>>> print(open('input.pdb').read())   # PDB, C-alpha atoms and all ligand atoms
ATOM      1  CA  MET A   1     -97.073 129.850  52.972  1.00  0.00           C
ATOM      2  CA  LEU A   2     -95.940 126.749  51.066  1.00  0.00           C
ATOM      3  CA  SER A   3     -96.257 123.296  52.592  1.00  0.00           C
ATOM      4  CA  CYS A   4     -93.063 121.377  53.300  1.00  0.00           C
ATOM      5  CA  SER A   5     -93.544 119.147  50.244  1.00  0.00           C
ATOM      6  CA  GLU A   6     -94.188 122.183  48.009  1.00  0.00           C
ATOM      7  CA  ALA A   7     -91.057 123.849  49.399  1.00  0.00           C
ATOM      8  CA  ILE A   8     -88.977 120.745  48.599  1.00  0.00           C
ATOM      9  CA  ILE A   9     -90.258 120.702  45.015  1.00  0.00           C
ATOM     10  CA  ARG A  10     -90.102 124.444  44.349  1.00  0.00           C
ATOM     11  CA  ARG A  11     -86.763 125.261  46.029  1.00  0.00           C
ATOM     12  CA  ARG A  12     -84.003 126.491  43.756  1.00  0.00           C
ATOM     13  CA  SER A  13     -80.610 127.998  44.499  1.00  0.00           C
ATOM     14  CA  ILE A  14     -81.230 131.739  44.165  1.00  0.00           C
ATOM     15  CA  ARG A  15     -78.359 133.998  43.138  1.00  0.00           C
ATOM     16  CA  LYS A  16     -80.254 137.231  42.403  1.00  0.00           C
ATOM     17  CA  PHE A  17     -82.226 139.002  45.101  1.00  0.00           C
ATOM     18  CA  GLN A  18     -84.749 141.856  45.226  1.00  0.00           C
ATOM     19  CA  ASP A  19     -83.836 144.902  47.239  1.00  0.00           C
ATOM     20  CA  ARG A  20     -86.705 144.216  49.641  1.00  0.00           C
ATOM     21  CA  PRO A  21     -86.370 143.724  53.394  1.00  0.00           C
ATOM     22  CA  ILE A  22     -87.196 140.381  55.002  1.00  0.00           C
ATOM     23  CA  PRO A  23     -89.827 140.548  57.779  1.00  0.00           C
ATOM     24  CA  GLU A  24     -88.193 139.979  61.183  1.00  0.00           C
ATOM     25  CA  GLU A  25     -90.717 137.224  61.915  1.00  0.00           C
ATOM     26  CA  TYR A  26     -89.547 135.215  58.877  1.00  0.00           C
ATOM     27  CA  LEU A  27     -85.920 135.435  59.992  1.00  0.00           C
ATOM     28  CA  ASP A  28     -87.013 134.251  63.451  1.00  0.00           C
ATOM     29  CA  GLN A  29     -88.816 131.290  61.908  1.00  0.00           C
ATOM     30  CA  ILE A  30     -85.744 130.420  59.820  1.00  0.00           C
ATOM     31  CA  ILE A  31     -83.630 130.349  62.989  1.00  0.00           C
ATOM     32  CA  GLU A  32     -86.318 128.283  64.711  1.00  0.00           C
ATOM     33  CA  ALA A  33     -86.175 125.770  61.839  1.00  0.00           C
ATOM     34  CA  ALA A  34     -82.451 125.313  62.510  1.00  0.00           C
ATOM     35  CA  ARG A  35     -83.006 125.009  66.256  1.00  0.00           C
ATOM     36  CA  LEU A  36     -85.489 122.164  65.802  1.00  0.00           C
ATOM     37  CA  ALA A  37     -83.219 120.036  63.591  1.00  0.00           C
ATOM     38  CA  PRO A  38     -82.140 116.566  64.738  1.00  0.00           C
ATOM     39  CA  SER A  39     -78.489 115.910  65.613  1.00  0.00           C
ATOM     40  CA  GLY A  40     -76.282 113.027  66.756  1.00  0.00           C
ATOM     41  CA  THR A  41     -76.720 112.517  70.538  1.00  0.00           C
ATOM     42  CA  ASN A  42     -78.789 115.729  70.385  1.00  0.00           C
ATOM     43  CA  ARG A  43     -75.502 117.694  70.530  1.00  0.00           C
ATOM     44  CA  GLN A  44     -76.901 120.644  68.480  1.00  0.00           C
ATOM     45  CA  PRO A  45     -73.427 121.813  67.381  1.00  0.00           C
ATOM     46  CA  TRP A  46     -74.745 124.543  65.031  1.00  0.00           C
ATOM     47  CA  ARG A  47     -74.182 128.242  65.636  1.00  0.00           C
ATOM     48  CA  PHE A  48     -75.183 131.143  63.368  1.00  0.00           C
ATOM     49  CA  VAL A  49     -74.160 134.726  62.781  1.00  0.00           C
ATOM     50  CA  LEU A  50     -76.888 136.799  61.093  1.00  0.00           C
ATOM     51  CA  LEU A  51     -75.448 139.631  59.007  1.00  0.00           C
ATOM     52  CA  GLN A  52     -77.683 142.402  57.698  1.00  0.00           C
ATOM     53  CA  GLY A  53     -77.050 145.937  56.420  1.00  0.00           C
ATOM     54  CA  ASP A  54     -73.526 147.248  56.950  1.00  0.00           C
ATOM     55  CA  ASP A  55     -72.525 144.155  58.939  1.00  0.00           C
ATOM     56  CA  LYS A  56     -72.375 142.192  55.666  1.00  0.00           C
ATOM     57  CA  GLU A  57     -69.310 144.260  54.735  1.00  0.00           C
ATOM     58  CA  LYS A  58     -67.390 142.346  57.406  1.00  0.00           C
ATOM     59  CA  ILE A  59     -67.287 139.314  55.105  1.00  0.00           C
ATOM     60  CA  ALA A  60     -66.849 141.248  51.832  1.00  0.00           C
ATOM     61  CA  GLY A  61     -63.199 140.215  51.465  1.00  0.00           C
ATOM     62  CA  SER A  62     -64.002 136.526  52.041  1.00  0.00           C
ATOM     63  CA  VAL A  63     -66.711 136.133  49.440  1.00  0.00           C
ATOM     64  CA  ILE A  64     -65.911 135.088  45.868  1.00  0.00           C
ATOM     65  CA  GLN A  65     -69.426 135.396  44.392  1.00  0.00           C
ATOM     66  CA  PRO A  66     -70.751 138.985  44.699  1.00  0.00           C
ATOM     67  CA  PHE A  67     -74.435 137.906  44.801  1.00  0.00           C
ATOM     68  CA  VAL A  68     -73.943 136.730  48.376  1.00  0.00           C
ATOM     69  CA  LEU A  69     -73.576 140.277  49.678  1.00  0.00           C
ATOM     70  CA  LYS A  70     -76.502 141.524  47.591  1.00  0.00           C
ATOM     71  CA  ALA A  71     -78.922 139.426  49.657  1.00  0.00           C
ATOM     72  CA  PRO A  72     -80.526 141.457  52.480  1.00  0.00           C
ATOM     73  CA  ALA A  73     -79.483 138.824  55.032  1.00  0.00           C
ATOM     74  CA  VAL A  74     -76.615 136.342  55.191  1.00  0.00           C
ATOM     75  CA  PHE A  75     -76.375 133.588  57.774  1.00  0.00           C
ATOM     76  CA  VAL A  76     -72.832 132.461  58.549  1.00  0.00           C
ATOM     77  CA  CYS A  77     -73.447 128.835  59.503  1.00  0.00           C
ATOM     78  CA  CYS A  78     -70.878 127.479  61.951  1.00  0.00           C
ATOM     79  CA  LEU A  79     -69.966 124.541  64.169  1.00  0.00           C
ATOM     80  CA  ASP A  80     -69.037 124.881  67.838  1.00  0.00           C
ATOM     81  CA  LYS A  81     -66.361 122.473  69.092  1.00  0.00           C
ATOM     82  CA  HIS A  82     -67.759 122.759  72.628  1.00  0.00           C
ATOM     83  CA  ALA A  83     -70.616 120.472  71.559  1.00  0.00           C
ATOM     84  CA  TYR A  84     -68.091 117.599  71.354  1.00  0.00           C
ATOM     85  CA  LEU A  85     -66.580 117.900  74.825  1.00  0.00           C
ATOM     86  CA  LYS A  86     -66.846 114.835  77.073  1.00  0.00           C
ATOM     87  CA  THR A  87     -68.952 116.617  79.723  1.00  0.00           C
ATOM     88  CA  LEU A  88     -71.495 117.935  77.243  1.00  0.00           C
ATOM     89  CA  VAL A  89     -71.789 114.737  75.213  1.00  0.00           C
ATOM     90  CA  GLU A  90     -72.279 112.683  78.381  1.00  0.00           C
ATOM     91  CA  GLU A  91     -74.896 115.146  79.641  1.00  0.00           C
ATOM     92  CA  ARG A  92     -76.855 114.854  76.392  1.00  0.00           C
ATOM     93  CA  LEU A  93     -76.469 111.099  76.367  1.00  0.00           C
ATOM     94  CA  ASN A  94     -77.728 110.823  79.956  1.00  0.00           C
ATOM     95  CA  GLU A  95     -80.810 112.832  78.957  1.00  0.00           C
ATOM     96  CA  LEU A  96     -81.470 110.353  76.151  1.00  0.00           C
ATOM     97  CA  VAL A  97     -80.969 107.350  78.445  1.00  0.00           C
ATOM     98  CA  GLN A  98     -83.211 108.837  81.160  1.00  0.00           C
ATOM     99  CA  ALA A  99     -85.906 109.577  78.585  1.00  0.00           C
ATOM    100  CA  ASP A 100     -85.597 105.899  77.576  1.00  0.00           C
ATOM    101  CA  VAL A 101     -84.964 106.730  73.924  1.00  0.00           C
ATOM    102  CA  VAL A 102     -81.465 105.237  73.976  1.00  0.00           C
ATOM    103  CA  SER A 103     -80.720 102.020  75.899  1.00  0.00           C
ATOM    104  CA  LYS A 104     -77.871 101.854  78.420  1.00  0.00           C
ATOM    105  CA  GLU A 105     -76.188  99.267  76.174  1.00  0.00           C
ATOM    106  CA  ALA A 106     -76.317 101.583  73.136  1.00  0.00           C
ATOM    107  CA  ALA A 107     -75.117 104.525  75.220  1.00  0.00           C
ATOM    108  CA  GLY A 108     -72.251 102.334  76.452  1.00  0.00           C
ATOM    109  CA  VAL A 109     -70.792 102.309  72.946  1.00  0.00           C
ATOM    110  CA  ILE A 110     -70.389 106.102  73.114  1.00  0.00           C
ATOM    111  CA  TYR A 111     -69.263 106.127  76.768  1.00  0.00           C
ATOM    112  CA  GLN A 112     -66.397 103.825  75.688  1.00  0.00           C
ATOM    113  CA  HIS A 113     -65.121 106.389  73.174  1.00  0.00           C
ATOM    114  CA  LYS A 114     -62.257 108.523  74.381  1.00  0.00           C
ATOM    115  CA  LEU A 115     -64.059 111.856  74.323  1.00  0.00           C
ATOM    116  CA  PRO A 116     -62.002 115.083  74.436  1.00  0.00           C
ATOM    117  CA  GLU A 117     -61.954 117.010  77.714  1.00  0.00           C
ATOM    118  CA  LYS A 118     -60.422 120.197  76.307  1.00  0.00           C
ATOM    119  CA  VAL A 119     -61.844 122.173  73.412  1.00  0.00           C
ATOM    120  CA  GLU A 120     -58.343 122.422  71.863  1.00  0.00           C
ATOM    121  CA  ASP A 121     -58.390 118.619  71.487  1.00  0.00           C
ATOM    122  CA  VAL A 122     -61.697 118.480  69.637  1.00  0.00           C
ATOM    123  CA  VAL A 123     -61.500 117.357  66.019  1.00  0.00           C
ATOM    124  CA  LEU A 124     -64.920 117.881  64.495  1.00  0.00           C
ATOM    125  CA  PRO A 125     -66.293 114.487  63.375  1.00  0.00           C
ATOM    126  CA  ALA A 126     -68.083 113.908  60.061  1.00  0.00           C
ATOM    127  CA  SER A 127     -71.366 113.746  61.978  1.00  0.00           C
ATOM    128  CA  ALA A 128     -70.919 117.414  62.966  1.00  0.00           C
ATOM    129  CA  TYR A 129     -71.131 118.410  59.306  1.00  0.00           C
ATOM    130  CA  LEU A 130     -74.177 116.157  58.841  1.00  0.00           C
ATOM    131  CA  ASP A 131     -75.873 117.848  61.806  1.00  0.00           C
ATOM    132  CA  LEU A 132     -75.123 121.342  60.508  1.00  0.00           C
ATOM    133  CA  GLY A 133     -76.261 120.345  57.015  1.00  0.00           C
ATOM    134  CA  ILE A 134     -79.632 119.183  58.314  1.00  0.00           C
ATOM    135  CA  ALA A 135     -80.103 122.442  60.232  1.00  0.00           C
ATOM    136  CA  ILE A 136     -79.184 124.488  57.160  1.00  0.00           C
ATOM    137  CA  GLU A 137     -81.562 122.608  54.884  1.00  0.00           C
ATOM    138  CA  ASN A 138     -84.333 123.134  57.465  1.00  0.00           C
ATOM    139  CA  MET A 139     -83.565 126.873  57.189  1.00  0.00           C
ATOM    140  CA  VAL A 140     -83.586 126.700  53.392  1.00  0.00           C
ATOM    141  CA  LEU A 141     -86.975 124.971  53.299  1.00  0.00           C
ATOM    142  CA  MET A 142     -88.498 127.318  55.887  1.00  0.00           C
ATOM    143  CA  ALA A 143     -87.258 130.314  53.864  1.00  0.00           C
ATOM    144  CA  THR A 144     -88.677 128.776  50.664  1.00  0.00           C
ATOM    145  CA  SER A 145     -92.035 128.255  52.337  1.00  0.00           C
ATOM    146  CA  TYR A 146     -92.159 132.033  53.029  1.00  0.00           C
ATOM    147  CA  GLY A 147     -91.416 132.820  49.368  1.00  0.00           C
ATOM    148  CA  LEU A 148     -87.763 133.622  50.107  1.00  0.00           C
ATOM    149  CA  GLY A 149     -84.759 132.399  48.128  1.00  0.00           C
ATOM    150  CA  THR A 150     -81.469 131.050  49.459  1.00  0.00           C
ATOM    151  CA  CYS A 151     -78.271 129.486  48.184  1.00  0.00           C
ATOM    152  CA  TRP A 152     -75.847 127.271  50.048  1.00  0.00           C
ATOM    153  CA  VAL A 153     -72.393 128.820  49.601  1.00  0.00           C
ATOM    154  CA  ARG A 154     -69.134 127.039  50.307  1.00  0.00           C
ATOM    155  CA  LEU A 155     -67.057 129.143  47.907  1.00  0.00           C
ATOM    156  CA  PHE A 156     -65.696 131.550  50.504  1.00  0.00           C
ATOM    157  CA  ASN A 157     -62.655 131.954  52.692  1.00  0.00           C
ATOM    158  CA  PRO A 158     -63.553 130.566  56.150  1.00  0.00           C
ATOM    159  CA  ALA A 159     -60.256 131.613  57.756  1.00  0.00           C
ATOM    160  CA  GLN A 160     -60.853 135.193  56.712  1.00  0.00           C
ATOM    161  CA  VAL A 161     -64.452 135.115  57.998  1.00  0.00           C
ATOM    162  CA  GLN A 162     -63.085 133.779  61.274  1.00  0.00           C
ATOM    163  CA  GLU A 163     -60.830 136.792  61.509  1.00  0.00           C
ATOM    164  CA  THR A 164     -63.146 139.578  60.322  1.00  0.00           C
ATOM    165  CA  LEU A 165     -66.059 138.403  62.480  1.00  0.00           C
ATOM    166  CA  ALA A 166     -63.653 137.790  65.393  1.00  0.00           C
ATOM    167  CA  LEU A 167     -65.027 134.276  65.872  1.00  0.00           C
ATOM    168  CA  PRO A 168     -63.358 132.330  68.705  1.00  0.00           C
ATOM    169  CA  ALA A 169     -61.129 129.395  67.714  1.00  0.00           C
ATOM    170  CA  CYS A 170     -63.796 126.907  68.870  1.00  0.00           C
ATOM    171  CA  ILE A 171     -66.174 128.154  66.149  1.00  0.00           C
ATOM    172  CA  GLU A 172     -65.715 126.969  62.549  1.00  0.00           C
ATOM    173  CA  ALA A 173     -67.546 128.816  59.757  1.00  0.00           C
ATOM    174  CA  VAL A 174     -68.720 126.187  57.254  1.00  0.00           C
ATOM    175  CA  VAL A 175     -71.416 127.624  54.972  1.00  0.00           C
ATOM    176  CA  LEU A 176     -72.783 131.041  54.011  1.00  0.00           C
ATOM    177  CA  LEU A 177     -76.526 131.207  53.453  1.00  0.00           C
ATOM    178  CA  PRO A 178     -77.712 134.387  51.728  1.00  0.00           C
ATOM    179  CA  VAL A 179     -81.472 134.927  52.072  1.00  0.00           C
ATOM    180  CA  GLY A 180     -83.817 137.326  50.274  1.00  0.00           C
ATOM    181  CA  TYR A 181     -86.785 137.657  47.979  1.00  0.00           C
ATOM    182  CA  PRO A 182     -85.803 136.067  44.626  1.00  0.00           C
ATOM    183  CA  ASP A 183     -85.297 138.274  41.599  1.00  0.00           C
ATOM    184  CA  GLN A 184     -85.098 135.271  39.287  1.00  0.00           C
ATOM    185  CA  ASP A 185     -87.082 132.103  38.646  1.00  0.00           C
ATOM    186  CA  PRO A 186     -84.499 129.488  37.638  1.00  0.00           C
ATOM    187  CA  PRO A 187     -85.535 126.212  36.034  1.00  0.00           C
ATOM    188  CA  GLN A 188     -84.837 123.011  37.931  1.00  0.00           C
ATOM    189  CA  ARG A 189     -81.191 122.002  37.566  1.00  0.00           C
ATOM    190  CA  PRO A 190     -80.601 118.552  35.992  1.00  0.00           C
ATOM    191  CA  ARG A 191     -80.980 115.621  38.331  1.00  0.00           C
ATOM    192  CA  LEU A 192     -79.978 111.956  38.114  1.00  0.00           C
ATOM    193  CA  SER A 193     -82.858 109.574  37.430  1.00  0.00           C
ATOM    194  CA  ARG A 194     -84.263 107.328  40.142  1.00  0.00           C
ATOM    195  CA  MET A 195     -82.638 104.373  38.367  1.00  0.00           C
ATOM    196  CA  GLU A 196     -79.256 106.062  38.730  1.00  0.00           C
ATOM    197  CA  ILE A 197     -79.575 106.790  42.434  1.00  0.00           C
ATOM    198  CA  MET A 198     -81.099 103.496  43.557  1.00  0.00           C
ATOM    199  CA  ILE A 199     -78.752 100.566  44.171  1.00  0.00           C
ATOM    200  CA  GLN A 200     -80.441  97.193  43.919  1.00  0.00           C
ATOM    201  CA  PRO A 201     -80.171  95.064  47.073  1.00  0.00           C
TER     202      PRO A 201
HETATM  203  C1  LIG A 301     -72.842 122.033  50.161  1.00  0.00           C
HETATM  204  C2  LIG A 301     -73.209 122.951  49.019  1.00  0.00           C
HETATM  205  C3  LIG A 301     -72.327 123.931  48.629  1.00  0.00           C
HETATM  206  C4  LIG A 301     -72.674 124.825  47.612  1.00  0.00           C
HETATM  207  N1  LIG A 301     -71.829 125.861  47.320  1.00  0.00           N
HETATM  208  C5  LIG A 301     -72.195 126.755  46.407  1.00  0.00           C
HETATM  209  C6  LIG A 301     -71.387 127.893  46.172  1.00  0.00           C
HETATM  210  O1  LIG A 301     -70.364 128.109  46.802  1.00  0.00           O
HETATM  211  N2  LIG A 301     -71.790 128.770  45.235  1.00  0.00           N
HETATM  212  C7  LIG A 301     -72.945 128.615  44.508  1.00  0.00           C
HETATM  213  O2  LIG A 301     -73.262 129.463  43.667  1.00  0.00           O
HETATM  214  N3  LIG A 301     -73.747 127.539  44.716  1.00  0.00           N
HETATM  215  C8  LIG A 301     -73.404 126.623  45.646  1.00  0.00           C
HETATM  216  N4  LIG A 301     -74.218 125.541  45.895  1.00  0.00           N
HETATM  217  C9  LIG A 301     -75.492 125.383  45.155  1.00  0.00           C
HETATM  218  C10 LIG A 301     -75.420 124.250  44.119  1.00  0.00           C
HETATM  219  O3  LIG A 301     -74.678 124.690  43.010  1.00  0.00           O
HETATM  220  C11 LIG A 301     -76.866 123.871  43.725  1.00  0.00           C
HETATM  221  O4  LIG A 301     -77.527 123.351  44.843  1.00  0.00           O
HETATM  222  C12 LIG A 301     -76.914 122.820  42.601  1.00  0.00           C
HETATM  223  O5  LIG A 301     -76.380 123.318  41.406  1.00  0.00           O
HETATM  224  C13 LIG A 301     -78.358 122.359  42.321  1.00  0.00           C
HETATM  225  O6  LIG A 301     -79.187 123.486  41.984  1.00  0.00           O
HETATM  226  P1  LIG A 301     -80.489 123.832  42.824  1.00  0.00           P
HETATM  227  O7  LIG A 301     -80.058 124.096  44.249  1.00  0.00           O
HETATM  228  O8  LIG A 301     -81.084 125.064  42.187  1.00  0.00           O
HETATM  229  O9  LIG A 301     -81.418 122.659  42.765  1.00  0.00           O
HETATM  230  C14 LIG A 301     -73.903 124.675  46.913  1.00  0.00           C
HETATM  231  C15 LIG A 301     -74.785 123.667  47.312  1.00  0.00           C
HETATM  232  C16 LIG A 301     -74.452 122.832  48.360  1.00  0.00           C
HETATM  233  C17 LIG A 301     -75.468 121.810  48.820  1.00  0.00           C
END
>>> encode(input="input.pdb", output="structure tokens")
Amino acid sequence: MLSCSEAIIRRRSIRKFQDRPIPEEYLDQIIEAARLAPSGTNRQPWRFVLLQGDDKEKIAGSVIQPFVLKAPAVFVCCLDKHAYLKTLVEERLNELVQADVVSKEAAGVIYQHKLPEKVEDVVLPASAYLDLGIAIENMVLMATSYGLGTCWVRLFNPAQVQETLALPACIEAVVLLPVGYPDQDPPQRPRLSRMEIMIQP
């Protein structure tokens, strides 16, 4: 198993997979990696559908890049609007205040927000996508550490996935994450230099 730092360095987007099953335990650990991710107010808005075998056909019409369906497993990574309801946010916030990790004054800033009481009124905030992104990258790195390959995929039709997987309206499919043993060893893609990404204070 690779260390976290090795996984960060060795990870590549993999678009060609071996026809080899993934041990159940590895899939469990990938889900666990998502579960342990940090999130704003500990709201944990991420939800996942794991498609394997014939179930992958359910998203066949929504996928633009055929390699996605050739992976033995595909996670449909989603957000749940319920995580942004007033009752739930306040419950999570109270936990943080009681645990003394957030002060009452800091919590007051959120309590002052007009939080939605009905799921139909929830507009997912930018932080929801940050939270899901962190959970997904945790999954990616866990998979890499087990020698598995993954690729973030946004090129798909979320509305169609919503329909074919019969996802409720409160669930938004955001990313597809195919997972499998790599059948390619791509070189590192070009990256900006440190000079280019650092802004002088
Ligand atoms: C948010 C996001 C969306 C992406 N969507 C796609 C996609 O739809 N299809 C695809 O082939 N690669 C997709 N990628 C992979 C990028 O092309 C890839 O990360 C980038 O070229 C750098 O290569 P590397 O991941 O091998 O380092 C996506 C990556 C991210 C982070």
>>> closest_residue(input="input.pdb", among="A:Gln200, A:Thr150, A:Thr87, A:Ser145", to="Glu117 in chain A", atoms="only C-alpha atoms")
A:Thr87
>>> residues_near_ligand(input="input.pdb", ligand="ligand LIG 301 (chain A)", cutoff="6 Å", atoms="all atoms listed in the file", output="list in words")
Arg12, Ser13, Cys151, Trp152, Val153, Arg154, Leu155, Gln188 and Arg189 of chain A
>>> residues_near_point(input="input.pdb", point="(-77.4, 146.9, 56.4)", cutoff="12 Å", atoms="all atoms listed in the file", output="compact mmCIF listing (two decimals) with C-alpha atoms, in the coordinates of the input")
# COMPACT_ATOMS: atom_id res chain seq x y z
CA ASP A 19 -83.84 144.90 47.24
CA ARG A 20 -86.70 144.22 49.64
CA PRO A 21 -86.37 143.72 53.39
CA ILE A 22 -87.20 140.38 55.00
CA LEU A 50 -76.89 136.80 61.09
CA LEU A 51 -75.45 139.63 59.01
CA GLN A 52 -77.68 142.40 57.70
CA GLY A 53 -77.05 145.94 56.42
CA ASP A 54 -73.53 147.25 56.95
CA ASP A 55 -72.53 144.16 58.94
CA LYS A 56 -72.38 142.19 55.67
CA GLU A 57 -69.31 144.26 54.74
CA LYS A 58 -67.39 142.35 57.41
CA LEU A 69 -73.58 140.28 49.68
CA LYS A 70 -76.50 141.52 47.59
CA ALA A 71 -78.92 139.43 49.66
CA PRO A 72 -80.53 141.46 52.48
CA ALA A 73 -79.48 138.82 55.03
CA VAL A 74 -76.61 136.34 55.19
>>> residues_around(input="input.pdb", residues="range 77-80 of chain A", least_positions_apart="2", cutoff="12 Å", atoms="only C-alpha atoms", output="PyMOL selection string")
chain A and resi 31+34+43-51+74-75+82-85+88+119-120+122-137+139+152-154+158+161-162+165+167-178
>>> write_last_selection(input="input.pdb", atoms="C-alpha atoms", output="compact mmCIF listing (two decimals), in the coordinates of the input")
# COMPACT_ATOMS: atom_id res chain seq x y z
CA ILE A 31 -83.63 130.35 62.99
CA ALA A 34 -82.45 125.31 62.51
CA ARG A 43 -75.50 117.69 70.53
CA GLN A 44 -76.90 120.64 68.48
CA PRO A 45 -73.43 121.81 67.38
CA TRP A 46 -74.74 124.54 65.03
CA ARG A 47 -74.18 128.24 65.64
CA PHE A 48 -75.18 131.14 63.37
CA VAL A 49 -74.16 134.73 62.78
CA LEU A 50 -76.89 136.80 61.09
CA LEU A 51 -75.45 139.63 59.01
CA VAL A 74 -76.61 136.34 55.19
CA PHE A 75 -76.38 133.59 57.77
CA HIS A 82 -67.76 122.76 72.63
CA ALA A 83 -70.62 120.47 71.56
CA TYR A 84 -68.09 117.60 71.35
CA LEU A 85 -66.58 117.90 74.82
CA LEU A 88 -71.50 117.94 77.24
CA VAL A 119 -61.84 122.17 73.41
CA GLU A 120 -58.34 122.42 71.86
CA VAL A 122 -61.70 118.48 69.64
CA VAL A 123 -61.50 117.36 66.02
CA LEU A 124 -64.92 117.88 64.50
CA PRO A 125 -66.29 114.49 63.38
CA ALA A 126 -68.08 113.91 60.06
CA SER A 127 -71.37 113.75 61.98
CA ALA A 128 -70.92 117.41 62.97
CA TYR A 129 -71.13 118.41 59.31
CA LEU A 130 -74.18 116.16 58.84
CA ASP A 131 -75.87 117.85 61.81
CA LEU A 132 -75.12 121.34 60.51
CA GLY A 133 -76.26 120.34 57.02
CA ILE A 134 -79.63 119.18 58.31
CA ALA A 135 -80.10 122.44 60.23
CA ILE A 136 -79.18 124.49 57.16
CA GLU A 137 -81.56 122.61 54.88
CA MET A 139 -83.56 126.87 57.19
CA TRP A 152 -75.85 127.27 50.05
CA VAL A 153 -72.39 128.82 49.60
CA ARG A 154 -69.13 127.04 50.31
CA PRO A 158 -63.55 130.57 56.15
CA VAL A 161 -64.45 135.12 58.00
CA GLN A 162 -63.08 133.78 61.27
CA LEU A 165 -66.06 138.40 62.48
CA LEU A 167 -65.03 134.28 65.87
CA PRO A 168 -63.36 132.33 68.70
CA ALA A 169 -61.13 129.40 67.71
CA CYS A 170 -63.80 126.91 68.87
CA ILE A 171 -66.17 128.15 66.15
CA GLU A 172 -65.72 126.97 62.55
CA ALA A 173 -67.55 128.82 59.76
CA VAL A 174 -68.72 126.19 57.25
CA VAL A 175 -71.42 127.62 54.97
CA LEU A 176 -72.78 131.04 54.01
CA LEU A 177 -76.53 131.21 53.45
CA PRO A 178 -77.71 134.39 51.73
>>> closest_residue(input="input.pdb", among="A:Tyr181, A:Leu93, A:Gln18, A:Pro66", to="Thr144 in chain A", atoms="all atoms listed in the file")
A:Tyr181
>>> atom_distance(input="input.pdb", atom1="CA of Pro182 in chain A", atom2="CA of Ala143 in chain A")
11.0 Å
>>> atom_distance(input="input.pdb", atom1="CA of Lys114 in chain A", atom2="CA of Glu91 in chain A")
15.2 Å
>>> closest_residue(input="input.pdb", among="A:Leu192, A:Val97, A:Val179, A:Val68", to="Leu141 in chain A", atoms="all atoms listed in the file")
A:Val179
>>> axis_aligned_box(input="input.pdb", around="range 144-150 of chain A", padding_each_side="6 Å", output="AutoDock Vina command-line options")
--center_x -86.8 --center_y 130.9 --center_z 50.6 --size_x 22.7 --size_y 17.4 --size_z 16.9
>>> build_atoms(input="input.pdb", residues="range 50-61 of chain A", atoms="N, CA and C atoms", output="PDB file, in the frame of the given file")
ATOM      1  N   LEU A  50     -75.978 136.198  62.078  1.00  0.00           N
ATOM      2  CA  LEU A  50     -76.888 136.799  61.093  1.00  0.00           C
ATOM      3  C   LEU A  50     -76.352 138.188  60.739  1.00  0.00           C
ATOM      4  N   LEU A  51     -75.991 138.345  59.477  1.00  0.00           N
ATOM      5  CA  LEU A  51     -75.448 139.631  59.007  1.00  0.00           C
ATOM      6  C   LEU A  51     -76.482 140.338  58.147  1.00  0.00           C
ATOM      7  N   GLN A  52     -76.758 141.583  58.495  1.00  0.00           N
ATOM      8  CA  GLN A  52     -77.683 142.402  57.698  1.00  0.00           C
ATOM      9  C   GLN A  52     -77.080 143.801  57.584  1.00  0.00           C
ATOM     10  N   GLY A  53     -77.504 144.542  56.578  1.00  0.00           N
ATOM     11  CA  GLY A  53     -77.050 145.937  56.420  1.00  0.00           C
ATOM     12  C   GLY A  53     -75.533 146.024  56.333  1.00  0.00           C
ATOM     13  N   ASP A  54     -74.971 147.004  57.031  1.00  0.00           N
ATOM     14  CA  ASP A  54     -73.526 147.248  56.950  1.00  0.00           C
ATOM     15  C   ASP A  54     -72.696 146.085  57.489  1.00  0.00           C
ATOM     16  N   ASP A  55     -73.281 145.285  58.375  1.00  0.00           N
ATOM     17  CA  ASP A  55     -72.525 144.155  58.939  1.00  0.00           C
ATOM     18  C   ASP A  55     -72.047 143.182  57.860  1.00  0.00           C
ATOM     19  N   LYS A  56     -72.773 143.117  56.742  1.00  0.00           N
ATOM     20  CA  LYS A  56     -72.375 142.192  55.666  1.00  0.00           C
ATOM     21  C   LYS A  56     -70.994 142.539  55.123  1.00  0.00           C
ATOM     22  N   GLU A  57     -70.624 143.821  55.233  1.00  0.00           N
ATOM     23  CA  GLU A  57     -69.310 144.260  54.735  1.00  0.00           C
ATOM     24  C   GLU A  57     -68.169 143.524  55.428  1.00  0.00           C
ATOM     25  N   LYS A  58     -68.443 143.038  56.650  1.00  0.00           N
ATOM     26  CA  LYS A  58     -67.390 142.346  57.406  1.00  0.00           C
ATOM     27  C   LYS A  58     -66.890 141.091  56.687  1.00  0.00           C
ATOM     28  N   ILE A  59     -67.738 140.523  55.809  1.00  0.00           N
ATOM     29  CA  ILE A  59     -67.287 139.314  55.105  1.00  0.00           C
ATOM     30  C   ILE A  59     -66.996 139.596  53.627  1.00  0.00           C
ATOM     31  N   ALA A  60     -67.010 140.881  53.252  1.00  0.00           N
ATOM     32  CA  ALA A  60     -66.849 141.248  51.832  1.00  0.00           C
ATOM     33  C   ALA A  60     -65.566 140.667  51.231  1.00  0.00           C
ATOM     34  N   GLY A  61     -64.477 140.696  51.984  1.00  0.00           N
ATOM     35  CA  GLY A  61     -63.199 140.215  51.465  1.00  0.00           C
ATOM     36  C   GLY A  61     -63.112 138.699  51.389  1.00  0.00           C
TER      37      GLY A  61
END
